[in-house]
Every structure is written in C-alpha cells, then in structure tokens.
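For reference, final_26.pdb is printed below; it contains PDB, C-alpha atoms.
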ATOM      1  CA  MET A 884       1.747  31.984   7.982
ATOM      2  CA  THR A 885       3.501  34.017  10.650
ATOM      3  CA  ASP A 886       6.810  33.141  12.288
ATOM      4  CA  THR A 887       4.931  32.388  15.512
ATOM      5  CA  MET A 888       2.698  29.922  13.669
ATOM      6  CA  ILE A 889       5.722  28.255  12.056
ATOM      7  CA  MET A 890       7.429  27.982  15.463
ATOM      8  CA  LYS A 891       4.312  26.250  16.838
ATOM      9  CA  GLN A 892       4.365  23.849  13.882
ATOM     10  CA  ILE A 893       8.042  23.083  14.534
ATOM     11  CA  GLU A 894       7.324  22.427  18.214
ATOM     12  CA  GLU A 895       4.436  20.122  17.282
ATOM     13  CA  LEU A 896       6.668  18.330  14.765
ATOM     14  CA  ASN A 897       9.323  17.831  17.455
ATOM     15  CA  GLU A 898       6.706  16.381  19.813
ATOM     16  CA  TRP A 899       5.469  13.926  17.171
ATOM     17  CA  GLU A 900       9.009  12.900  16.271
ATOM     18  CA  SER A 901       9.700  12.239  19.963
ATOM     19  CA  ILE A 902       6.557  10.106  20.161
ATOM     20  CA  LEU A 903       7.648   8.180  17.050
ATOM     21  CA  GLU A 904      11.115   7.569  18.490
ATOM     22  CA  GLU A 905       9.657   6.332  21.778
ATOM     23  CA  ALA A 906       7.273   4.051  19.864
ATOM     24  CA  LYS A 907      10.199   2.607  17.871
ATOM     25  CA  ILE A 908      12.093   1.946  21.106
ATOM     26  CA  GLN A 909       9.057   0.201  22.611
ATOM     27  CA  ALA A 910       8.455  -1.851  19.454
ATOM     28  CA  ASN A 911      12.091  -2.966  19.353
ATOM     29  CA  ALA A 912      11.959  -3.926  23.037
ATOM     30  CA  ILE A 913       8.907  -6.099  22.366
ATOM     31  CA  LYS A 914      10.639  -7.706  19.370
ATOM     32  CA  GLU A 915      13.628  -8.555  21.558
ATOM     33  CA  ILE A 916      11.349 -10.176  24.162
ATOM     34  CA  ILE A 917       9.732 -12.327  21.463
ATOM     35  CA  LYS A 918      13.130 -13.230  19.967
ATOM     36  CA  ALA A 919      14.422 -14.225  23.400
ATOM     37  CA  GLU A 920      11.404 -16.473  23.922
ATOM     38  CA  MET A 921      11.931 -18.072  20.524
ATOM     39  CA  ALA A 922      15.608 -18.642  21.332
ATOM     40  CA  GLU A 923      14.639 -20.236  24.637
ATOM     41  CA  ARG A 924      12.242 -22.537  22.784
ATOM     42  CA  GLU A 925      14.969 -23.159  20.180
ATOM     43  CA  THR A 926      12.688 -22.369  17.258
ATOM     44  CA  GLU A 927      12.837 -20.120  14.224
ATOM     45  CA  GLU A 928       9.081 -20.212  13.724
ATOM     46  CA  LEU A 929       6.394 -19.726  16.317
ATOM     47  CA  ILE A 930       2.683 -20.144  15.676
ATOM     48  CA  CYS A 931       0.711 -18.271  18.269
ATOM     49  CA  GLY A 932      -3.014 -17.969  17.616
ATOM     50  CA  GLN A 933      -3.506 -16.226  14.301
ATOM     51  CA  TRP A 934       0.121 -15.077  14.181
ATOM     52  CA  ILE A 935       3.139 -16.764  12.666
ATOM     53  CA  VAL A 936       6.408 -15.294  13.934
ATOM     54  CA  ARG A 937       9.646 -16.094  12.144
ATOM     55  CA  ASN A 938      13.198 -15.234  13.121
ATOM     56  CA  THR A 939      15.302 -16.905  10.475
ATOM     57  CA  SER A 940      18.864 -16.582   9.251
ATOM     58  CA  VAL A 941      19.092 -15.235   5.721
ATOM     59  CA  LEU A 942      22.101 -15.098   3.428
ATOM     60  CA  THR A 943      22.287 -12.154   1.056
ATOM     61  CA  SER A 944      24.837 -11.032  -1.474
ATOM     62  CA  LYS A 945      25.794  -7.377  -1.481
ATOM     63  CA  PHE A 946      28.072  -5.476  -3.784
ATOM     64  CA  ASP A 947      31.179  -4.224  -1.971
ATOM     65  CA  THR A 948      31.235  -0.656  -3.267
ATOM     66  CA  ARG A 949      34.141   0.429  -1.059
ATOM     67  CA  ARG A 950      36.397  -2.382  -2.264
ATOM     68  CA  PHE A 951      35.373  -1.918  -5.910
ATOM     69  CA  LYS A 952      36.076   1.802  -5.662
ATOM     70  CA  SER A 953      39.530   1.198  -4.174
ATOM     71  CA  GLU A 954      40.466  -1.430  -6.771
ATOM     72  CA  TYR A 955      38.791   0.085  -9.860
ATOM     73  CA  GLU A 956      38.513   3.778  -9.117
ATOM     74  CA  GLU A 957      38.337   4.925 -12.754
ATOM     75  CA  VAL A 958      35.596   2.435 -13.643
ATOM     76  CA  TYR A 959      33.715   3.414 -10.483
ATOM     77  CA  LYS A 960      33.925   7.120 -11.398
ATOM     78  CA  ALA A 961      32.756   6.395 -14.941
ATOM     79  CA  TYR A 962      29.480   4.990 -13.588
ATOM     80  CA  LEU A 963      28.752   7.681 -11.016
ATOM     81  CA  LYS A 964      25.668   9.747 -11.675
ATOM     82  CA  GLN A 965      24.810  12.985  -9.901
ATOM     83  CA  VAL A 966      21.253  13.268  -8.682
ATOM     84  CA  SER A 967      19.562  16.397  -7.409
ATOM     85  CA  SER A 968      17.392  16.195  -4.294
ATOM     86  CA  THR A 969      16.199  18.348  -1.420
ATOM     87  CA  ARG A 970      17.060  17.934   2.237
ATOM     88  CA  PHE A 971      14.695  19.231   4.914
ATOM     89  CA  SER A 972      16.202  20.000   8.296
ATOM     90  CA  ILE A 973      15.442  22.053  11.369
ATOM     91  CA  THR A 974      18.198  23.070  13.752
ATOM     92  CA  CYS A 975      18.209  24.996  16.961
TER      93      CYS A 975
END

I'd like the structure from this file rewritten - as structure tokens, please.
Amino acid sequence: MTDTMIMKQIEELNEWESILEEAKIQANAIKEIIKAEMAERETEELICGQWIVRNTSVLTSKFDTRRFKSEYEEVYKAYLKQVSSTRFSITC
C-alpha cells in the first residue's frame, strides 16, 4: 500500500469517526428527551408500545483504589501486575 493510499484510509477513518461522534451526540440528546419526559410523568418505567424504558437509581459498590493505595501503598504495589498491550493512534 502506498503512502497516498494510507493517507486516503486515514481520511476515511476520520470521516467515519466524526459520523460516529455525531451519532453518539444525537443518541444522547434523544435519551435526555426521553428522561425528561419520564421525569415529568414522575415514573422510572415507561411502557410505550413494544418498548419498556427504565431510568432507575442503582446502588453499586466500588473499590476505592486511590484511597487503598494511599493507605496501604506496599500492599497495593505487591499486587500490581504489568500487562503489555498496543496503542493505535494517528496524529496530525
């Protein structure tokens, strides 16, 4: 593949990534409209035709890594594991 062909691929990739970002923005805007309607109706569950929409509060428990590291640094370091991976990036 020539450099010109790779440049065209990068440009096409950038276009698709822009389309994806715009789609995510649109999808989130629609979600916010639906959430606002549910809030107005004061409901956490909405049955609309074949769809069931839920916007519920959920409690989760998460491990506080930052606090554990600050309080038990040696134990934290003992359990660290290095992992090899690749990172793809394109910069201009």

Check: Which one is closest to Thr974 of chain A: A:Glu925, A:Glu920, A:Glu894, A:Glu956? Count all atoms listed in the file.
Finding: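 Of A:Glu925, A:Glu920, A:Glu894, A:Glu956, the one nearest Thr974 of chain A, counting all atoms listed in the file, is A:Glu894.
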
Margin query: I need the residue nearest Ala922 of chain A from this list: A:Thr885, A:Thr939, A:Ser901, A:Ser972. Use all atoms listed in the file for the distance.
Written below: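 Distance minimum relative to Ala922 of chain A lands on A:Thr939.
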
Margin query: From the options A:Cys975, A:Lys945, A:Glu904, A:Arg937, which residue's atoms come nearest to Met890 of chain A, counting only C-alpha atoms?
Written below: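 Selected residue with least distance to Met890 of chain A: A:Cys975.
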
Check: Separation of atom CA of Ala910 of chain A and atom CA of Arg924 of chain A, in Å?
Finding: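 Between atom CA of Ala910 of chain A and atom CA of Arg924 of chain A the gap is 21.3 Å.
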
Check: What gap, in Å, lies between atom CA of Ile917 of chain A and atom CA of Asn938 of chain A?
Finding: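 Separation of atom CA of Ile917 of chain A and atom CA of Asn938 of chain A: 9.5 Å.
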
Checklist line | Which of A:Val936, A:Met884, A:Ile908, A:Ile893 sits closest to Ile973 of chain A [using all atoms listed in the file] | finding: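 Selected residue with least distance to Ile973 of chain A: A:Ile893.
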
Next item on the list: Please indicate the distance in Å from atom CA of Glu900 of chain A to atom CA of Ser967 of chain A, rounded to one decimal place.
Entry: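 About the pair atom CA of Glu900 of chain A and atom CA of Ser967 of chain A: they are 26.2 Å apart.
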
Using the file's own x, y and z axes, so that the box edges lie along x, y and z, what centre and edge lengths in Å (one decimal) does a box around every listed atom of segment 915-932 of chain A get when 5 Å is added on each side? Give it as JSON.
{"center_x": 6.3, "center_y": -15.9, "center_z": 19.2, "size_x": 28.6, "size_y": 24.6, "size_z": 20.9}
